[in-house]
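S.K.: Sharing structure.cif here; it has mmCIF, C-alpha atoms.
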data_model
loop_
_atom_site.label_atom_id
_atom_site.label_comp_id
_atom_site.auth_asym_id
_atom_site.auth_seq_id
_atom_site.Cartn_x
_atom_site.Cartn_y
_atom_site.Cartn_z
CA MET A 1 -7.30 58.60 24.30
CA GLN A 2 -6.87 56.40 21.25
CA MET A 3 -9.06 53.25 21.02
CA TYR A 4 -8.30 50.06 19.14
CA THR A 5 -10.47 47.21 17.94
CA ILE A 6 -9.90 43.57 18.88
CA THR A 7 -11.57 41.15 16.48
CA LEU A 8 -11.90 37.46 17.38
CA ALA A 9 -12.55 34.32 15.33
CA ALA A 10 -12.74 30.58 15.96
CA ASN A 11 -10.97 27.95 13.85
CA PRO A 12 -12.86 25.83 12.99
CA THR A 13 -16.03 27.76 13.68
CA GLU A 14 -17.73 24.65 15.05
CA GLY A 15 -14.84 24.00 17.43
CA GLY A 16 -15.83 26.51 20.11
CA THR A 17 -16.77 30.05 21.05
CA VAL A 18 -14.66 33.18 21.66
CA GLU A 19 -15.35 36.14 23.93
CA GLY A 20 -13.63 39.47 24.51
CA ALA A 21 -13.88 41.17 21.14
CA GLY A 22 -14.49 44.92 21.15
CA ASP A 23 -12.88 48.36 21.42
CA TYR A 24 -10.10 48.95 23.96
CA TYR A 25 -8.08 52.00 25.01
CA TYR A 26 -4.37 52.07 24.30
CA ALA A 27 -2.20 50.10 26.79
CA VAL A 28 -5.21 48.61 28.59
CA PRO A 29 -4.97 44.84 29.32
CA ALA A 30 -7.46 42.82 27.28
CA THR A 31 -8.88 39.47 28.29
CA VAL A 32 -10.12 37.12 25.59
CA THR A 33 -11.64 33.74 26.29
CA ALA A 34 -11.88 30.65 24.11
CA THR A 35 -14.32 27.91 25.14
CA PRO A 36 -14.13 24.60 23.24
CA LYS A 37 -17.27 22.65 22.40
CA PRO A 38 -17.59 18.93 23.24
CA GLY A 39 -15.15 16.90 21.17
CA TYR A 40 -12.64 19.76 20.82
CA GLU A 41 -9.87 21.30 22.87
CA PHE A 42 -8.31 24.74 22.86
CA VAL A 43 -4.72 24.45 21.68
CA LYS A 44 -3.40 28.03 21.68
CA GLN A 45 -3.75 30.94 24.15
CA PHE A 46 -2.72 34.61 23.89
CA THR A 47 -2.44 37.22 26.64
CA PHE A 48 -1.55 40.77 25.60
CA THR A 49 -1.72 44.50 26.21
CA VAL A 50 -3.64 46.46 23.62
CA LEU A 51 -1.24 48.58 21.56
CA GLU A 52 -3.02 48.42 18.19
CA SER A 53 -6.07 46.94 16.46
CA LEU A 54 -5.76 43.17 16.13
CA THR A 55 -7.56 40.18 14.69
CA LEU A 56 -7.05 37.09 16.85
CA THR A 57 -8.01 33.51 16.01
CA ALA A 58 -8.71 30.89 18.66
CA ASN A 59 -7.60 27.52 17.29
CA PHE A 60 -9.53 24.46 18.40
CA GLU A 61 -8.50 20.87 17.77
CA LYS A 62 -10.79 17.86 17.58
CA THR A 63 -10.33 15.34 20.37
CA ILE A 64 -12.81 12.80 18.92
CA LEU A 65 -12.05 11.83 15.33
CA THR A 66 -14.03 9.79 12.80
CA VAL A 67 -12.87 6.85 10.70
CA THR A 68 -15.06 5.86 7.74
CA VAL A 69 -14.47 2.58 5.92
CA ALA A 70 -15.73 1.75 2.42
CA VAL A 71 -15.00 -0.96 -0.15
CA ASN A 72 -14.45 -0.56 -3.89
CA ASP A 73 -17.03 -3.29 -4.67
CA THR A 74 -19.34 -4.80 -2.08
CA THR A 75 -19.63 -8.01 -4.11
CA LEU A 76 -15.90 -8.65 -3.66
CA GLY A 77 -15.44 -8.18 0.07
CA ARG A 78 -16.22 -6.31 3.29
CA ALA A 79 -14.35 -4.15 5.78
CA SER A 80 -14.68 -3.20 9.47
CA GLY A 81 -13.21 -0.70 11.91
CA ALA A 82 -15.23 2.44 11.20
CA GLY A 83 -16.16 4.58 14.20
CA GLN A 84 -15.10 7.43 16.45
CA TYR A 85 -11.74 7.41 18.21
CA GLN A 86 -9.79 9.60 20.62
CA ARG A 87 -7.08 11.65 18.91
CA ASN A 88 -3.73 9.75 18.79
CA ALA A 89 -5.45 6.44 19.49
CA THR A 90 -4.29 3.36 17.56
CA VAL A 91 -6.97 2.26 15.10
CA GLN A 92 -7.27 -1.14 13.44
CA VAL A 93 -9.32 -1.68 10.31
CA ARG A 94 -9.72 -5.08 8.70
CA ALA A 95 -10.58 -6.14 5.15
CA VAL A 96 -12.05 -9.58 4.41
CA PRO A 97 -12.42 -10.68 0.77
CA ASN A 98 -15.39 -12.80 -0.22
CA SER A 99 -14.68 -16.35 -1.35
CA GLY A 100 -12.92 -16.38 -4.70
CA TYR A 101 -11.58 -12.81 -4.53
CA SER A 102 -8.42 -11.15 -3.19
CA PHE A 103 -7.59 -8.12 -1.07
CA GLU A 104 -5.37 -5.61 -2.88
CA ASN A 105 -4.79 -2.55 -0.68
CA TRP A 106 -6.10 0.26 1.53
CA THR A 107 -6.27 3.75 0.03
CA ILE A 108 -6.94 7.26 1.33
CA GLY A 109 -7.91 9.71 -1.38
CA GLY A 110 -6.72 7.23 -4.00
CA VAL A 111 -3.25 6.90 -2.42
CA VAL A 112 -2.19 3.43 -1.23
CA VAL A 113 -1.41 3.43 2.50
CA SER A 114 -1.19 -0.32 3.19
CA THR A 115 -1.30 -3.70 1.48
CA ASN A 116 -2.04 -5.51 4.74
CA PRO A 117 -5.71 -6.48 5.20
CA ALA A 118 -5.30 -5.72 8.94
CA TYR A 119 -4.13 -2.11 8.90
CA HIS A 120 -3.05 -0.30 12.11
CA PHE A 121 -2.46 3.44 12.31
CA VAL A 122 -2.44 6.33 14.80
CA ILE A 123 -5.31 8.68 14.09
CA THR A 124 -4.55 12.40 14.00
CA GLU A 125 -7.41 13.58 11.76
CA ASP A 126 -10.71 12.40 10.34
CA THR A 127 -9.85 9.52 7.99
CA ASP A 128 -11.73 8.05 5.01
CA LEU A 129 -10.39 4.61 4.04
CA VAL A 130 -11.26 2.41 1.08
CA ALA A 131 -10.56 -1.33 1.05
CA ASN A 132 -9.83 -2.43 -2.51
CA PHE A 133 -10.53 -5.99 -3.59
CA THR A 134 -9.74 -7.56 -6.93
CA ALA A 135 -10.54 -10.53 -9.14
CA LEU A 136 -8.67 -12.21 -11.98
CA ASP A 137 -8.86 -9.88 -14.99
CA PHE A 138 -11.02 -11.63 -17.58
CA ASP A 139 -9.27 -10.19 -20.64
CA THR A 140 -5.82 -11.03 -19.28
CA TYR A 141 -6.55 -14.70 -18.63
CA ALA A 142 -9.28 -15.54 -21.16
CA ALA A 143 -8.99 -14.69 -24.85
CA THR A 144 -12.10 -13.78 -26.88
CA LEU A 145 -12.15 -15.47 -30.31
CA TRP A 146 -14.44 -14.44 -33.18
CA GLU A 147 -16.83 -12.84 -30.65
CA ASN A 148 -18.33 -16.25 -29.92
CA THR A 149 -15.70 -18.12 -27.87
CA PHE A 150 -13.68 -17.65 -24.69
CA MET A 151 -10.48 -19.62 -24.16
CA LEU A 152 -8.75 -19.82 -20.78
CA ASN A 153 -4.99 -19.24 -20.88
CA LYS A 154 -3.85 -22.01 -18.54
CA LEU A 155 -0.22 -21.42 -19.51
CA LEU A 156 -0.24 -17.80 -18.34
CA LEU A 157 -2.14 -18.69 -15.17
CA GLY A 158 0.41 -21.40 -14.43
CA GLU A 159 3.30 -18.97 -14.95
CA GLU A 160 1.71 -16.66 -12.37
CA GLY A 161 1.25 -19.38 -9.75
CA TYR A 162 -2.24 -20.62 -10.57
CA GLU A 163 -2.00 -24.30 -11.54
CA VAL A 164 -5.54 -24.69 -12.86
CA THR A 165 -7.34 -27.99 -12.30
CA GLY A 166 -10.90 -26.91 -13.16
CA CYS A 167 -12.93 -24.10 -14.70
CA LYS A 168 -16.61 -23.06 -14.67
CA TRP A 169 -18.19 -20.40 -16.89
CA PHE A 170 -21.03 -18.10 -15.86
CA LYS A 171 -23.48 -15.94 -17.79
CA SER A 172 -25.07 -13.11 -15.79
CA GLY A 173 -24.29 -15.00 -12.57
CA ARG A 174 -25.63 -18.40 -13.60
CA GLU A 175 -23.35 -21.33 -14.35
CA GLU A 176 -23.31 -22.50 -17.98
CA LYS A 177 -23.45 -26.28 -17.75
CA ASN A 178 -22.77 -26.78 -21.47
CA THR A 179 -19.65 -25.01 -22.73
CA ASN A 180 -20.26 -26.02 -26.39
CA THR A 181 -16.54 -26.85 -26.57
CA VAL A 182 -14.27 -29.86 -26.17
CA ASP A 183 -13.45 -29.20 -22.50
CA GLU A 184 -14.21 -27.00 -19.50
CA PHE A 185 -11.34 -24.61 -20.21
CA SER A 186 -13.14 -22.85 -23.05
CA TYR A 187 -16.68 -21.66 -23.66
CA SER A 188 -18.59 -20.94 -26.86
CA ALA A 189 -21.95 -19.30 -27.49
CA GLY A 190 -22.74 -22.16 -29.86
CA PRO A 191 -21.32 -24.57 -32.44
CA ASN A 192 -21.37 -22.02 -35.28
CA LYS A 193 -19.22 -18.92 -35.81
CA THR A 194 -22.45 -16.94 -36.19
CA ASP A 195 -23.53 -17.89 -32.63
CA LEU A 196 -22.28 -14.69 -31.03
CA LEU A 197 -21.82 -14.05 -27.33
CA GLU A 198 -24.62 -11.93 -25.94
CA PRO A 199 -24.05 -8.17 -25.54
CA ALA A 200 -24.70 -5.98 -22.48
CA PRO A 201 -26.46 -6.17 -20.10
CA THR A 202 -25.41 -9.84 -20.23
CA TYR A 203 -22.03 -10.41 -18.60
CA TYR A 204 -19.69 -13.39 -18.46
CA MET A 205 -17.31 -14.64 -15.75
CA PHE A 206 -15.17 -17.67 -15.09
CA ARG A 207 -14.20 -19.46 -11.88
CA ILE A 208 -11.08 -21.58 -11.62
CA THR A 209 -9.95 -24.10 -9.06
CA THR A 210 -6.23 -24.58 -8.50
CA GLU A 211 -3.97 -27.45 -7.53
CA ASP A 212 -3.42 -25.92 -4.07
CA GLY A 213 -7.15 -25.80 -3.34
CA ARG A 214 -7.96 -22.18 -4.18
CA THR A 215 -11.16 -21.06 -5.89
CA LEU A 216 -10.85 -17.78 -7.80
CA TYR A 217 -13.33 -15.71 -9.81
CA SER A 218 -12.71 -13.40 -12.74
CA THR A 219 -13.95 -9.88 -13.34
CA LYS A 220 -17.07 -9.40 -15.47
CA LYS A 221 -16.73 -9.51 -19.24
CA ILE A 222 -19.29 -7.49 -21.21
CA MET A 223 -19.60 -7.68 -24.99
CA ASN A 224 -20.34 -4.22 -26.43
CA TYR A 225 -20.21 -4.80 -30.19
CA TYR A 226 -23.95 -4.17 -30.54
CA ASP A 227 -23.59 -0.64 -29.22
CA LEU A 228 -23.24 0.53 -32.84
CA ALA A 229 -25.83 2.47 -34.84
CA PRO A 230 -28.07 0.37 -37.13
CA GLY A 231 -26.17 -0.60 -40.26
CA ALA A 232 -22.79 0.41 -38.84
CA LYS A 233 -19.82 -1.93 -39.10
CA SER A 234 -18.22 -3.56 -36.09
CA ASN A 235 -15.43 -1.53 -34.47
CA LYS A 236 -13.73 -4.68 -33.19
CA LEU A 237 -10.67 -6.52 -34.42
CA PHE A 238 -10.42 -10.28 -33.90
CA VAL A 239 -7.05 -11.32 -32.49
CA TYR A 240 -6.00 -14.93 -31.94
CA PRO A 241 -4.34 -16.65 -30.24
CA ASN A 242 -4.70 -14.15 -27.44
CA PRO A 243 -2.69 -14.12 -25.18
CA VAL A 244 0.33 -14.90 -27.33
CA ALA A 245 3.98 -15.47 -26.44
CA SER A 246 6.38 -12.62 -27.22
CA GLY A 247 7.88 -13.19 -30.66
CA ALA A 248 5.21 -15.69 -31.73
CA THR A 249 2.94 -15.20 -34.73
CA PHE A 250 -0.74 -14.34 -34.30
CA THR A 251 -3.65 -13.41 -36.60
CA VAL A 252 -5.68 -10.21 -36.77
CA GLU A 253 -9.05 -10.26 -38.57
CA GLY A 254 -11.21 -7.27 -39.45
CA VAL A 255 -8.31 -5.01 -40.46
CA VAL A 256 -9.22 -1.92 -42.50
CA GLU A 257 -7.47 -2.68 -45.79
CA ASP A 258 -6.33 0.86 -46.60
CA SER A 259 -5.26 1.69 -43.03
CA PRO A 260 -1.94 0.91 -41.29
CA ILE A 261 -1.87 -1.13 -38.08
CA PHE A 262 -0.61 0.50 -34.89
CA VAL A 263 0.22 -1.17 -31.57
CA TYR A 264 0.22 0.91 -28.37
CA ASN A 265 1.52 0.05 -24.91
CA GLN A 266 -0.23 0.79 -21.61
CA PHE A 267 1.22 4.34 -21.61
CA GLY A 268 -0.29 5.17 -25.01
CA LEU A 269 3.04 5.01 -26.85
CA CYS A 270 3.13 3.45 -30.33
CA VAL A 271 5.50 0.46 -30.16
CA SER A 272 4.78 -1.12 -33.56
CA TYR A 273 3.70 0.08 -37.01
CA THR A 274 2.60 -2.01 -40.01
CA PRO A 275 1.81 -0.32 -43.37
CA ALA A 276 -1.67 -0.73 -44.84
CA PRO A 277 -1.83 -4.46 -45.64
CA GLY A 278 -4.38 -4.41 -48.48
CA THR A 279 -6.24 -7.29 -46.86
CA SER A 280 -8.60 -7.68 -43.90
CA ILE A 281 -6.68 -10.62 -42.40
CA VAL A 282 -3.02 -10.27 -41.44
CA THR A 283 -0.46 -12.15 -39.38
CA LEU A 284 1.80 -10.22 -37.03
CA ASN A 285 4.77 -10.94 -34.83
CA LEU A 286 5.39 -8.73 -31.80
CA ASP A 287 8.71 -9.17 -30.00
CA LEU A 288 7.65 -7.03 -27.03
CA PRO A 289 7.92 -7.15 -23.23
CA VAL A 290 5.20 -9.00 -21.31
CA GLY A 291 2.10 -6.83 -20.91
CA VAL A 292 -1.23 -5.71 -22.34
CA TYR A 293 -1.22 -3.82 -25.67
CA LEU A 294 -3.84 -2.16 -27.89
CA ILE A 295 -3.96 -2.96 -31.61
CA ARG A 296 -5.62 -0.31 -33.81
CA SER A 297 -6.60 -0.27 -37.48
CA GLU A 298 -8.33 3.04 -38.21
CA ASN A 299 -11.22 3.11 -35.70
CA LYS A 300 -11.07 -0.62 -34.89
CA THR A 301 -9.29 -1.78 -31.75
CA GLU A 302 -8.59 -4.85 -29.67
CA LYS A 303 -6.41 -5.70 -26.69
CA ILE A 304 -3.71 -8.35 -26.89
CA VAL A 305 -1.81 -9.89 -23.98
CA ILE A 306 1.88 -10.65 -24.56
CA THR A 307 3.34 -13.41 -22.39
CA LYS A 308 6.80 -14.92 -21.98
#
Show me this structure written as structure tokens.

M.R.:
Amino acid sequence: MQMYTITLAANPTEGGTVEGAGDYYYAVPATVTATPKPGYEFVKQFTFTVLESLTLTANFEKTILTVTVAVNDTTLGRASGAGQYQRNATVQVRAVPNSGYSFENWTIGGVVVSTNPAYHFVITEDTDLVANFTALDFDTYAATLWENTFMLNKLLLGEEGYEVTGCKWFKSGREEKNTNTVDEFSYSAGPNKTDLLEPAPTYYMFRITTEDGRTLYSTKKIMNYYDLAPGAKSNKLFVYPNPVASGATFTVEGVVEDSPIFVYNQFGLCVSYTPAPGTSIVTLNLDLPVGVYLIRSENKTEKIVITK
């Protein structure tokens, strides 16, 4: 009499054990057994009469699922709610920004799933969440002039709802009591143009206070112009005023005289072209939408922020 082989497997392998595999005669009833391990349940069953060789898979499903919670930067905030939960339970995770910072969103695998710091969801699988916090972008709200001065853009901050009443500047985490400038809304490395801001690993930040009582910090600003080989020329352009209103005139220093000037938007598309100027200092006028742009002259670059 013809014999047939029954092959068994478990999915996932750690979900349980299967019994009943082997050789069976034709038309003989076969009994196979699936036994889930703790934390799993058996979700499919199959009873049959052996008519041919078969490969059967016992499918197990987790009953206890794991939620992990991380943050994009531990200096900006913290998050809670990690643990183990019963399948289909409602889970709450909570994100709390540190003073001076803001919560942005929750992501799973880089995809935004919520912008609410208290996020509720029904768990159906192991879930890895990241709480993303943010600070005021230094380059957006503070222009860098001549590589020795920072200037806060109070106008842009005001347009975005931050009516600034005070500002403090920090170098590598320590407040700079003397700004070397006329007021607290700008900071200079020293009284001379040759007094350059310090390069990495030194970093700079600012902290503003607003009319409605908020205290907000910026991201870290690192000067990298000393990352060049000995004797090499700076790869930086000097752009001022920066930010600048759309349609207003601004100055670019350090231009390569025999190279045209290109301006690129955030998508890498060239939105402006100026022929080689024949001089290292030029004035430009960009009638462009509000945003951040990159100015390039040969291998020299600098960001510029266009405002209303």

S.K.: Compile the contact shell of range 248-257 of chain A as a PyMOL selection string: residues with an atom at most 6 Å away, counting only C-alpha atoms, same-chain residues fewer than 6 positions apart removed.

M.R.: chain A and resi 237-241+277-285+297

S.K.: For the structure provided, state which residues fall under the PyMOL selection byres ((chain A and resi 129) around 9), and present them as number ranges by chain.

M.R.: A: 67-71, 82, 93, 106-109, 127-128, 130-131

S.K.: Care to translate the PyMOL selection byres ((chain A and resi 195-200) around 12) into actual residues of this file, as JSON, numbers by chain?

M.R.: {"A": [144, 145, 146, 147, 148, 149, 150, 171, 172, 180, 187, 188, 189, 190, 191, 192, 193, 194, 201, 202, 203, 204, 220, 221, 222, 223, 224, 225, 226, 227, 228]}

S.K.: Restrict the selected residues to C-alpha atoms and save them as a PDB file, in the frame of the given file.

M.R.:
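The resulting file, part12.pdb, is shown below:
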ATOM      1  CA  THR A 144     -12.100 -13.780 -26.880  1.00  0.00           C
ATOM      2  CA  LEU A 145     -12.150 -15.470 -30.310  1.00  0.00           C
ATOM      3  CA  TRP A 146     -14.440 -14.440 -33.180  1.00  0.00           C
ATOM      4  CA  GLU A 147     -16.830 -12.840 -30.650  1.00  0.00           C
ATOM      5  CA  ASN A 148     -18.330 -16.250 -29.920  1.00  0.00           C
ATOM      6  CA  THR A 149     -15.700 -18.120 -27.870  1.00  0.00           C
ATOM      7  CA  PHE A 150     -13.680 -17.650 -24.690  1.00  0.00           C
ATOM      8  CA  LYS A 171     -23.480 -15.940 -17.790  1.00  0.00           C
ATOM      9  CA  SER A 172     -25.070 -13.110 -15.790  1.00  0.00           C
ATOM     10  CA  ASN A 180     -20.260 -26.020 -26.390  1.00  0.00           C
ATOM     11  CA  TYR A 187     -16.680 -21.660 -23.660  1.00  0.00           C
ATOM     12  CA  SER A 188     -18.590 -20.940 -26.860  1.00  0.00           C
ATOM     13  CA  ALA A 189     -21.950 -19.300 -27.490  1.00  0.00           C
ATOM     14  CA  GLY A 190     -22.740 -22.160 -29.860  1.00  0.00           C
ATOM     15  CA  PRO A 191     -21.320 -24.570 -32.440  1.00  0.00           C
ATOM     16  CA  ASN A 192     -21.370 -22.020 -35.280  1.00  0.00           C
ATOM     17  CA  LYS A 193     -19.220 -18.920 -35.810  1.00  0.00           C
ATOM     18  CA  THR A 194     -22.450 -16.940 -36.190  1.00  0.00           C
ATOM     19  CA  PRO A 201     -26.460  -6.170 -20.100  1.00  0.00           C
ATOM     20  CA  THR A 202     -25.410  -9.840 -20.230  1.00  0.00           C
ATOM     21  CA  TYR A 203     -22.030 -10.410 -18.600  1.00  0.00           C
ATOM     22  CA  TYR A 204     -19.690 -13.390 -18.460  1.00  0.00           C
ATOM     23  CA  LYS A 220     -17.070  -9.400 -15.470  1.00  0.00           C
ATOM     24  CA  LYS A 221     -16.730  -9.510 -19.240  1.00  0.00           C
ATOM     25  CA  ILE A 222     -19.290  -7.490 -21.210  1.00  0.00           C
ATOM     26  CA  MET A 223     -19.600  -7.680 -24.990  1.00  0.00           C
ATOM     27  CA  ASN A 224     -20.340  -4.220 -26.430  1.00  0.00           C
ATOM     28  CA  TYR A 225     -20.210  -4.800 -30.190  1.00  0.00           C
ATOM     29  CA  TYR A 226     -23.950  -4.170 -30.540  1.00  0.00           C
ATOM     30  CA  ASP A 227     -23.590  -0.640 -29.220  1.00  0.00           C
ATOM     31  CA  LEU A 228     -23.240   0.530 -32.840  1.00  0.00           C
TER      32      LEU A 228
END

S.K.: For Lys37 in chain A, which residue among A:Gly16, A:Gly213, A:Gly22, A:Pro97 is the nearest when counting all atoms listed in the file?

M.R.: A:Gly16

S.K.: List as a PDB file with C-alpha atoms, in the coordinates of the input the protein and nucleic acid residues near Val28 in chain A, meaning an atom at most 9 Å away when only C-alpha atoms are counted, but skip any in the same chain fewer than 4 places from it.

M.R.:
ATOM      1  CA  TYR A  24     -10.100  48.950  23.960  1.00  0.00           C
ATOM      2  CA  THR A  49      -1.720  44.500  26.210  1.00  0.00           C
ATOM      3  CA  VAL A  50      -3.640  46.460  23.620  1.00  0.00           C
ATOM      4  CA  LEU A  51      -1.240  48.580  21.560  1.00  0.00           C
TER       5      LEU A  51
END

S.K.: Report as a ChimeraX atom specification the full result of the PyMOL selection byres ((chain A and resi 73) around 9) when it is applied to this structure.

M.R.: /A:70-72,74-78,131-134

S.K.: Take every atom of range 184-194 of chain A listed in the file, pad by 4 Å on each side, and give me the axis-aligned box centre and edge lengths in Å, one decimal, as AutoDock Vina command-line options.

M.R.:
--center_x -17.0 --center_y -22.0 --center_z -27.8 --size_x 19.4 --size_y 18.1 --size_z 24.7

S.K.: So the first atom is CA of Gln2 in chain A and the second is CA of Tyr25 in chain A; what is the distance between them in Å, to one decimal place?

M.R.: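 Atom-to-atom, CA of Gln2 in chain A to CA of Tyr25 in chain A, that is 5.9 Å.
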
S.K.: Any idea what the distance is between CA of Thr210 in chain A and CA of Asn242 in chain A?

M.R.: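 Taking CA of Thr210 in chain A and CA of Asn242 in chain A, their separation equals 21.7 Å.
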